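Heads up: the structure comes next, in structure tokens.
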Amino acid sequence: MKISSIRDQLKRNNADLLIIPFFENKIPEAASEMDDIERDIKWPIELGDFKAKEGETLLIYTQGKKENRIILLGLGIEKKLNAESLRVSFASAIKEAQKLKVKKINILFPKKCKMHNLAKIVLEGIYLPNYLFNHLKKDSLKDLDRSLVEEVQIVGEEIDKKIIEKVDVVVTAVHMVRDLVNNNADEETPQRLAEVAKEMEQLSPFLKVTVLNKEQIINEKMDLLLSVNRGSFREPTFSILQYMPTKSEDITVLIGKGITYDTGGLSLKIGEGRGGMNTMKSDMSGAAAVLGVMYSLAKLNINKNVIALIPATENAIGSRSYKPGDVYSSHSGKTVEVMNTDAEGRLILADAISYAVKFKPSRIIDIASLTGAIVVSLGEEIAGLFSNDKQIVETLKKASDECGELLWEMPLFKEYKKLLKSDIADIKNTSGGREGSSIVAALFLQEFVNGISWAHLDIGGTSYYSKPKGYYTTLATGYGTRLLLDFIEKL
Ligand code: BES
Ligand code: ZN
């Protein structure tokens, strides 16, 4: 999407559509100035057909203006406005534009909103929903749907080019993440994730990417990653992306769960429904989000040292599958009794976390669609945050408040550790019960962090919705990319 801006509204481009934002409590006055169109929009407002409720839209037609269509957009009550409601309101106007299949739109800038980072937030609201996933449909059917907006001019305010560029990079990353998650699992394989990582090396001289193949993974003794991989004909990969632009010793390690398809293994999943196998191409959304962060860091030249680790494999089922009840060793040397082969995410993360220790990082953050239980606890719009470090929690909460990707801190009380005690190995991978199982999963991971500052984001709900919502126009949300980027910038 091409974005430009112009201060003088009378000099704006011709376009297919003009979007004018209003506050519910200020109507008929718009949230921006609009000299030449005042008369066209008076009627629907006087008739009471448009009340400017949050996200409300009304399409009207005009003649002889720079645009023949106008969408009146409601922003709700001015006092209740916040960054996220503004994004969601603009998203609803963009989705209307997509249905009209207009390519070029003008948007009056809502100057009268008193908000920090107003331009960035408005641009995100416009840009984030401008994403479709329809390349798997026949062309004839695609045509019935909606189409992407191609060009936007912001009218009434000159917007700093740097802000436009930054939103462009970050939303491009989010859309790349959504593609990786939405695409077929047979497409987005461990090999493909490694390729995407490797290609990123071109983005910055500070980014070095190493991909470990199966043999190298064997040499590194990442036996948990290897055991999860056993049922799959595709070999595992382990990508290491080192973005080191500064001499500072501060290093953040990001780890993303890269299960490119989760059948559950021999502890086979059910077919359909929430958490059913048919949604499990999304089980690499942690890995995708981390790739999105690395893309953004490199493109934006951000001055922070970050190392990303992506353990990737399918959790398939086959005659060579790893087995419930057997004990496997790990990169850390600890042995794990695998009670349930569907609790595989924590196994590959455990190897990655203990591998991360060698970089002597200041902090480790892992992001993973780890449990279905987190959806039971928090619903699909809020991620679970588990951490042993108050500072990380505070910074992540701040980043979350600003970017609108919601999270909630969950407890890591040691009382539940006993649920992971094994009679025959150092630790079990599940408790065998459903109670508190997101916490139990996080406690399992904590066994491998070696006292380093660490946080774990469980995105089992937030990474892949059951239906499109707000600026998430498809099931894959891209959750985590904006959150973690904001987090790193705050360090
Ligand atoms: N990929 C799933 C977690 C998941 C489930 C994400 C539903 C999104 C929606 C993970 O690998 C898994 O299967 N976890 C099990 C763990 C259980 C066996 C202890 C779960 O949550 O049911
Ligand atoms: Zn699983």
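Letters for chains follow the order of the structure tokens (A, B, ...), residue numbers begin at 1 for each chain, and ligand numbers begin at 1 in the order shown.
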**OP:** Give the residues close to ligand 1, within 9 Å, counting only C-alpha atoms and all ligand atoms; write them as a PyMOL selection string.
**Re:** chain A and resi 259+261-264+267+269+274-277+279-280+282-284+315+339-346+368-375+429-434+437-438+440-441+458-464
Would you export the selected residues with N, CA and C atoms as a short mmCIF file (atom, residue, chain, number, x, y, z; two decimals), in the first residue's frame, please?
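This is the output file result_33.cif:
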data_model
loop_
_atom_site.label_atom_id
_atom_site.label_comp_id
_atom_site.auth_asym_id
_atom_site.auth_seq_id
_atom_site.Cartn_x
_atom_site.Cartn_y
_atom_site.Cartn_z
N ILE A 259 6.78 -25.55 15.41
CA ILE A 259 6.16 -26.83 15.02
C ILE A 259 5.31 -26.54 13.77
N TYR A 261 3.67 -28.44 11.85
CA TYR A 261 2.35 -29.09 11.92
C TYR A 261 2.32 -29.98 13.15
N ASP A 262 1.25 -29.85 13.92
CA ASP A 262 1.14 -30.62 15.16
C ASP A 262 -0.01 -31.62 15.07
N THR A 263 0.35 -32.88 14.79
CA THR A 263 -0.71 -33.92 14.80
C THR A 263 -0.96 -34.39 16.22
N GLY A 264 -0.05 -34.03 17.13
CA GLY A 264 -0.08 -34.60 18.48
C GLY A 264 0.88 -35.79 18.59
N SER A 267 0.15 -39.54 20.64
CA SER A 267 -0.98 -39.04 21.44
C SER A 267 -1.82 -38.16 20.51
N LYS A 269 -4.15 -35.99 18.10
CA LYS A 269 -5.19 -34.97 18.36
C LYS A 269 -6.52 -35.37 17.73
N ARG A 274 -11.88 -26.16 18.20
CA ARG A 274 -10.84 -25.37 18.87
C ARG A 274 -9.70 -26.29 19.32
N GLY A 275 -8.51 -26.00 18.84
CA GLY A 275 -7.39 -26.83 19.23
C GLY A 275 -7.35 -28.15 18.47
N GLY A 276 -8.30 -28.35 17.54
CA GLY A 276 -8.29 -29.56 16.72
C GLY A 276 -7.15 -29.52 15.72
N MET A 277 -6.89 -30.70 15.14
CA MET A 277 -5.72 -30.79 14.27
C MET A 277 -5.79 -29.86 13.07
N THR A 279 -6.37 -26.91 12.84
CA THR A 279 -5.81 -25.55 13.04
C THR A 279 -4.29 -25.59 13.28
N MET A 280 -3.72 -26.77 13.20
CA MET A 280 -2.35 -26.92 13.71
C MET A 280 -1.23 -26.58 12.72
N SER A 282 -0.88 -23.71 12.35
CA SER A 282 -0.53 -22.45 13.04
C SER A 282 0.44 -22.65 14.19
N ASP A 283 0.93 -23.87 14.36
CA ASP A 283 1.74 -24.14 15.55
C ASP A 283 3.18 -23.64 15.43
N MET A 284 3.45 -22.96 14.31
CA MET A 284 4.78 -22.33 14.17
C MET A 284 4.64 -20.81 14.25
N ASN A 315 5.42 -32.23 14.15
CA ASN A 315 5.14 -33.29 15.13
C ASN A 315 4.18 -34.24 14.40
N MET A 339 5.22 -38.12 28.73
CA MET A 339 3.93 -38.71 29.08
C MET A 339 2.96 -38.58 27.91
N ASN A 340 3.13 -37.47 27.16
CA ASN A 340 2.18 -37.15 26.11
C ASN A 340 2.95 -36.51 24.95
N THR A 341 2.88 -37.13 23.79
CA THR A 341 3.69 -36.60 22.66
C THR A 341 3.09 -35.33 22.07
N ASP A 342 1.88 -34.98 22.54
CA ASP A 342 1.26 -33.73 22.07
C ASP A 342 1.81 -32.52 22.84
N ALA A 343 2.51 -32.77 23.93
CA ALA A 343 3.17 -31.67 24.65
C ALA A 343 4.59 -31.57 24.13
N GLU A 344 4.69 -31.34 22.81
CA GLU A 344 5.99 -31.36 22.12
C GLU A 344 6.65 -29.99 22.08
N GLY A 345 5.82 -28.92 22.15
CA GLY A 345 6.37 -27.57 22.04
C GLY A 345 7.38 -27.32 23.14
N ARG A 346 7.02 -27.71 24.36
CA ARG A 346 7.92 -27.47 25.50
C ARG A 346 9.22 -28.24 25.34
N ALA A 368 5.32 -18.89 22.02
CA ALA A 368 4.92 -20.22 21.56
C ALA A 368 3.41 -20.43 21.69
N SER A 369 2.84 -21.06 20.68
CA SER A 369 1.44 -21.52 20.80
C SER A 369 1.51 -22.81 21.62
N LEU A 370 1.70 -22.63 22.93
CA LEU A 370 2.12 -23.79 23.73
C LEU A 370 0.97 -24.63 24.26
N THR A 371 -0.11 -23.97 24.70
CA THR A 371 -1.19 -24.77 25.29
C THR A 371 -2.58 -24.32 24.83
N GLY A 372 -3.48 -25.29 24.80
CA GLY A 372 -4.89 -24.98 24.58
C GLY A 372 -5.48 -24.39 25.87
N ALA A 373 -4.87 -24.75 27.00
CA ALA A 373 -5.40 -24.31 28.30
C ALA A 373 -5.35 -22.79 28.45
N ILE A 374 -4.41 -22.14 27.76
CA ILE A 374 -4.32 -20.68 27.89
C ILE A 374 -5.58 -20.02 27.29
N VAL A 375 -6.19 -20.68 26.32
CA VAL A 375 -7.42 -20.15 25.72
C VAL A 375 -8.58 -20.29 26.71
N ASN A 429 7.06 -34.47 30.99
CA ASN A 429 6.67 -33.32 30.16
C ASN A 429 5.24 -32.86 30.40
N THR A 430 4.41 -33.68 31.06
CA THR A 430 3.06 -33.22 31.43
C THR A 430 2.71 -33.79 32.79
N SER A 431 1.67 -33.19 33.38
CA SER A 431 1.25 -33.66 34.70
C SER A 431 0.25 -34.80 34.56
N GLY A 432 -0.31 -34.94 33.37
CA GLY A 432 -1.34 -35.95 33.17
C GLY A 432 -2.74 -35.40 33.43
N GLY A 433 -2.83 -34.19 33.95
CA GLY A 433 -4.16 -33.59 34.19
C GLY A 433 -4.32 -32.31 33.41
N ARG A 434 -5.55 -31.79 33.38
CA ARG A 434 -5.79 -30.55 32.65
C ARG A 434 -5.63 -29.32 33.55
N SER A 437 -2.77 -26.29 33.34
CA SER A 437 -1.73 -26.89 32.51
C SER A 437 -0.90 -25.88 31.71
N SER A 438 -1.37 -24.63 31.59
CA SER A 438 -0.48 -23.61 30.98
C SER A 438 0.64 -23.26 31.95
N VAL A 440 1.78 -25.31 34.29
CA VAL A 440 2.67 -26.48 34.36
C VAL A 440 3.65 -26.47 33.17
N ALA A 441 3.14 -26.10 32.00
CA ALA A 441 4.00 -26.03 30.80
C ALA A 441 5.10 -24.99 31.01
N ASP A 458 2.62 -17.36 26.05
CA ASP A 458 1.82 -18.46 25.50
C ASP A 458 0.76 -17.84 24.58
N ILE A 459 0.94 -18.04 23.27
CA ILE A 459 0.05 -17.42 22.28
C ILE A 459 -0.88 -18.47 21.64
N GLY A 460 -1.19 -19.52 22.42
CA GLY A 460 -2.10 -20.56 21.93
C GLY A 460 -3.43 -19.98 21.43
N GLY A 461 -3.90 -18.90 22.05
CA GLY A 461 -5.15 -18.28 21.61
C GLY A 461 -4.92 -17.15 20.62
N THR A 462 -3.97 -16.27 20.93
CA THR A 462 -3.85 -15.00 20.19
C THR A 462 -3.26 -15.14 18.79
N SER A 463 -2.61 -16.27 18.51
CA SER A 463 -1.90 -16.36 17.22
C SER A 463 -2.82 -16.73 16.07
N TYR A 464 -3.93 -17.38 16.39
CA TYR A 464 -4.77 -17.92 15.30
C TYR A 464 -6.21 -17.91 15.80
#
Subject >> DSSP strand (DSSP E or B) selection over segment 224-437 of chain A, as a VMD selection string >> reply: chain A and resid 237 to 243 251 to 256 258 to 262 305 to 315 327 to 329 335 to 337 363 to 368 383 to 387 407 to 409 427 to 428
Those residues you just picked out, can you put them in a file as an mmCIF file, in the first residue's frame with C-alpha atoms?
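Below you can see out33.cif, which holds the result:
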data_model
loop_
_atom_site.group_PDB
_atom_site.id
_atom_site.type_symbol
_atom_site.label_atom_id
_atom_site.label_comp_id
_atom_site.auth_asym_id
_atom_site.auth_seq_id
_atom_site.Cartn_x
_atom_site.Cartn_y
_atom_site.Cartn_z
ATOM 1 C CA THR A 237 16.101 -27.302 11.281
ATOM 2 C CA PHE A 238 17.491 -25.002 13.931
ATOM 3 C CA SER A 239 17.990 -21.428 12.761
ATOM 4 C CA ILE A 240 20.201 -18.970 14.593
ATOM 5 C CA LEU A 241 19.823 -15.317 13.598
ATOM 6 C CA GLN A 242 22.400 -13.061 15.237
ATOM 7 C CA TYR A 243 21.642 -9.367 14.890
ATOM 8 C CA ILE A 251 21.830 -9.380 24.396
ATOM 9 C CA THR A 252 18.222 -10.488 24.130
ATOM 10 C CA VAL A 253 17.549 -14.007 22.925
ATOM 11 C CA LEU A 254 14.181 -14.604 21.285
ATOM 12 C CA ILE A 255 12.968 -18.165 20.805
ATOM 13 C CA GLY A 256 9.966 -19.049 18.632
ATOM 14 C CA GLY A 258 8.425 -23.781 15.104
ATOM 15 C CA ILE A 259 6.157 -26.830 15.024
ATOM 16 C CA THR A 260 5.149 -26.577 11.380
ATOM 17 C CA TYR A 261 2.353 -29.090 11.916
ATOM 18 C CA ASP A 262 1.143 -30.621 15.159
ATOM 19 C CA ASN A 305 21.626 -6.865 20.056
ATOM 20 C CA VAL A 306 19.133 -9.634 19.482
ATOM 21 C CA ILE A 307 19.695 -13.325 18.768
ATOM 22 C CA ALA A 308 16.767 -15.383 17.501
ATOM 23 C CA LEU A 309 16.583 -19.159 17.786
ATOM 24 C CA ILE A 310 14.057 -21.144 15.784
ATOM 25 C CA PRO A 311 13.775 -24.848 16.489
ATOM 26 C CA ALA A 312 11.574 -26.285 13.759
ATOM 27 C CA THR A 313 10.023 -29.663 13.039
ATOM 28 C CA GLU A 314 6.715 -31.294 12.327
ATOM 29 C CA ASN A 315 5.137 -33.291 15.126
ATOM 30 C CA VAL A 327 12.460 -41.310 28.407
ATOM 31 C CA TYR A 328 14.512 -39.020 26.158
ATOM 32 C CA SER A 329 17.548 -36.920 26.976
ATOM 33 C CA THR A 335 16.220 -36.608 31.013
ATOM 34 C CA VAL A 336 12.520 -36.235 30.245
ATOM 35 C CA GLU A 337 9.789 -38.814 30.579
ATOM 36 C CA ARG A 363 17.329 -12.110 28.947
ATOM 37 C CA ILE A 364 15.518 -14.885 27.078
ATOM 38 C CA ILE A 365 11.999 -14.465 25.734
ATOM 39 C CA ASP A 366 10.209 -17.402 24.194
ATOM 40 C CA ILE A 367 6.969 -17.135 22.285
ATOM 41 C CA ALA A 368 4.917 -20.220 21.558
ATOM 42 C CA ALA A 383 -1.753 -14.016 25.649
ATOM 43 C CA GLY A 384 -0.378 -15.515 28.864
ATOM 44 C CA LEU A 385 2.849 -14.043 30.179
ATOM 45 C CA PHE A 386 5.045 -16.032 32.554
ATOM 46 C CA SER A 387 8.292 -14.604 33.853
ATOM 47 C CA LEU A 407 -1.340 -10.022 27.555
ATOM 48 C CA TRP A 408 -1.892 -10.975 31.179
ATOM 49 C CA GLU A 409 0.651 -12.100 33.718
ATOM 50 C CA ILE A 427 11.247 -34.579 34.876
ATOM 51 C CA LYS A 428 7.991 -35.411 33.053
#
Original post:
Quick one, how far is atom CA of Val449 of chain A from atom CA of Met222 of chain A?
Top reply: 15.2 Å
Original post:
Any idea what's packed within 10 Å of Val170 of chain A, counting only C-alpha atoms, ignoring anything in its chain fewer than 4 positions away? Could you give it as a count of residues only?
Top reply: 18
**OP:** Go through segment 199-271 of chain A and collect every residue that DSSP, computed from the backbone, puts in helix (DSSP H, G or I); the answer should be as a ChimeraX atom specification.
**Re:** /A:199-203,214-219,223-229
Subject >> For segment 394-398 of chain A: contacts at 8 Å, only C-alpha atoms, fewer than 6 positions along chain excluded, given as a PyMOL selection string >> reply: chain A and resi 407+483-484+487+490-491
Could you turn the residues from that selection into a file that holds all heavy atoms, as a tab-separated table (two decimals), in the first residue's frame?
chain	number	residue	atom	x	y	z
A	407	LEU	N	-1.92	-8.91	26.80
A	407	LEU	CA	-1.34	-10.02	27.56
A	407	LEU	C	-1.74	-9.89	29.02
A	407	LEU	O	-2.20	-8.84	29.46
A	407	LEU	CB	0.19	-10.06	27.40
A	407	LEU	CG	0.99	-8.80	27.74
A	407	LEU	CD1	1.18	-8.63	29.22
A	407	LEU	CD2	2.36	-8.92	27.06
A	483	LEU	N	4.49	-6.48	19.42
A	483	LEU	CA	4.74	-6.48	20.87
A	483	LEU	C	6.24	-6.60	21.16
A	483	LEU	O	6.81	-5.81	21.92
A	483	LEU	CB	3.99	-7.66	21.51
A	483	LEU	CG	4.26	-7.90	22.98
A	483	LEU	CD1	3.60	-6.82	23.83
A	483	LEU	CD2	3.77	-9.27	23.42
A	484	LEU	N	6.88	-7.59	20.56
A	484	LEU	CA	8.29	-7.83	20.88
A	484	LEU	C	9.20	-6.75	20.31
A	484	LEU	O	10.22	-6.40	20.91
A	484	LEU	CB	8.71	-9.23	20.40
A	484	LEU	CG	8.09	-10.37	21.23
A	484	LEU	CD1	8.42	-11.72	20.63
A	484	LEU	CD2	8.56	-10.31	22.69
A	487	PHE	N	8.91	-3.94	22.64
A	487	PHE	CA	9.63	-4.33	23.86
A	487	PHE	C	11.13	-4.09	23.70
A	487	PHE	O	11.78	-3.47	24.54
A	487	PHE	CB	9.36	-5.81	24.18
A	487	PHE	CG	10.24	-6.38	25.25
A	487	PHE	CD1	9.95	-6.16	26.58
A	487	PHE	CD2	11.35	-7.14	24.92
A	487	PHE	CE1	10.78	-6.67	27.58
A	487	PHE	CE2	12.18	-7.67	25.91
A	487	PHE	CZ	11.89	-7.43	27.24
A	490	LYS	N	12.27	-0.60	23.80
A	490	LYS	CA	12.20	0.02	25.13
A	490	LYS	C	13.37	-0.36	26.03
A	490	LYS	O	13.54	0.20	27.10
A	490	LYS	CB	10.89	-0.40	25.83
A	490	LYS	CG	9.67	0.30	25.27
A	490	LYS	CD	8.45	-0.03	26.10
A	490	LYS	CE	7.19	0.47	25.44
A	490	LYS	NZ	7.25	1.86	24.96
A	491	LEU	N	14.17	-1.34	25.63
A	491	LEU	CA	15.24	-1.82	26.52
A	491	LEU	C	16.33	-0.76	26.69
A	491	LEU	O	16.64	-0.06	25.74
A	491	LEU	CB	15.85	-3.10	25.95
A	491	LEU	CG	14.94	-4.33	25.97
A	491	LEU	CD1	15.62	-5.48	25.24
A	491	LEU	CD2	14.57	-4.73	27.38
Segment 6-8 of chain A surroundings by only C-alpha atoms, 7 Å radius, close-in-sequence under 6 positions cut, as a PDB file with N, CA and C atoms, in the first residue's frame:
ATOM      1  N   ILE A 154      -3.301  10.725   3.135  1.00  0.00           N
ATOM      2  CA  ILE A 154      -3.784  11.320   4.383  1.00  0.00           C
ATOM      3  C   ILE A 154      -3.912  12.817   4.127  1.00  0.00           C
ATOM      4  N   VAL A 155      -5.083  13.345   4.420  1.00  0.00           N
ATOM      5  CA  VAL A 155      -5.381  14.724   4.037  1.00  0.00           C
ATOM      6  C   VAL A 155      -5.549  15.596   5.289  1.00  0.00           C
ATOM      7  N   GLY A 156      -4.921  16.781   5.249  1.00  0.00           N
ATOM      8  CA  GLY A 156      -5.121  17.736   6.337  1.00  0.00           C
ATOM      9  C   GLY A 156      -3.945  17.807   7.292  1.00  0.00           C
ATOM     10  N   GLU A 157      -2.944  16.946   7.069  1.00  0.00           N
ATOM     11  CA  GLU A 157      -1.784  16.948   7.961  1.00  0.00           C
ATOM     12  C   GLU A 157      -0.597  16.381   7.183  1.00  0.00           C
ATOM     13  N   GLU A 158       0.551  17.013   7.368  1.00  0.00           N
ATOM     14  CA  GLU A 158       1.734  16.457   6.733  1.00  0.00           C
ATOM     15  C   GLU A 158       2.362  15.476   7.720  1.00  0.00           C
TER      16      GLU A 158
END
Subject >> Of the listed residues A:Leu75, A:Ala356, A:Ile126, A:Ala288, that which approaches Asn183 of chain A most closely, counting only C-alpha atoms >> reply: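 Closest to Asn183 of chain A of all the choices is A:Ala288.
Within the 7 Å cut-off around segment 13-16 of chain A, using only C-alpha atoms and omitting residues fewer than 4 positions from it on the same chain, the listed residues are Lys66, Glu67, Asn68, Arg69, Val102, Lys103, Lys104, Ile105 and Asn106 of chain A.
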Output N, CA, C and O atoms for every residue in the selection just made, as a short mmCIF file (atom, residue, chain, number, x, y, z; two decimals), in the first residue's frame.
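Everything below was put into out-v5.cif:
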data_model
loop_
_atom_site.label_atom_id
_atom_site.label_comp_id
_atom_site.auth_asym_id
_atom_site.auth_seq_id
_atom_site.Cartn_x
_atom_site.Cartn_y
_atom_site.Cartn_z
N LYS A 66 -13.61 15.64 -5.56
CA LYS A 66 -12.41 14.85 -5.89
C LYS A 66 -12.68 13.35 -5.74
O LYS A 66 -11.95 12.53 -6.26
N GLU A 67 -13.69 13.00 -4.97
CA GLU A 67 -14.09 11.60 -4.82
C GLU A 67 -15.59 11.53 -5.04
O GLU A 67 -16.30 12.48 -4.73
N ASN A 68 -16.07 10.40 -5.55
CA ASN A 68 -17.52 10.25 -5.73
C ASN A 68 -18.18 9.51 -4.57
O ASN A 68 -19.39 9.42 -4.50
N ARG A 69 -17.35 8.94 -3.72
CA ARG A 69 -17.90 8.24 -2.56
C ARG A 69 -17.29 8.82 -1.29
O ARG A 69 -16.11 9.18 -1.27
N VAL A 102 -12.44 -0.46 -4.02
CA VAL A 102 -11.80 0.77 -4.48
C VAL A 102 -10.30 0.66 -4.23
O VAL A 102 -9.86 -0.01 -3.32
N LYS A 103 -9.53 1.30 -5.10
CA LYS A 103 -8.07 1.13 -5.03
C LYS A 103 -7.40 2.34 -4.36
O LYS A 103 -6.37 2.21 -3.72
N LYS A 104 -8.02 3.50 -4.58
CA LYS A 104 -7.35 4.75 -4.16
C LYS A 104 -8.25 5.46 -3.18
O LYS A 104 -9.40 5.78 -3.52
N ILE A 105 -7.76 5.73 -1.98
CA ILE A 105 -8.63 6.43 -1.04
C ILE A 105 -7.92 7.62 -0.38
O ILE A 105 -6.70 7.63 -0.23
N ASN A 106 -8.74 8.60 -0.04
CA ASN A 106 -8.26 9.73 0.75
C ASN A 106 -8.86 9.61 2.14
O ASN A 106 -10.00 9.19 2.29
#
**OP:** Record the distance separating atom CA of Leu378 of chain A and atom CA of Tyr472 of chain A, expressed in Å with one decimal.
**Re:** 18.3 Å
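Of the listed residues (A:Lys65, A:Gln202, A:Leu266, A:Lys214), A:Leu266 comes nearest to ligand 2; the distances count only C-alpha atoms and all ligand atoms.
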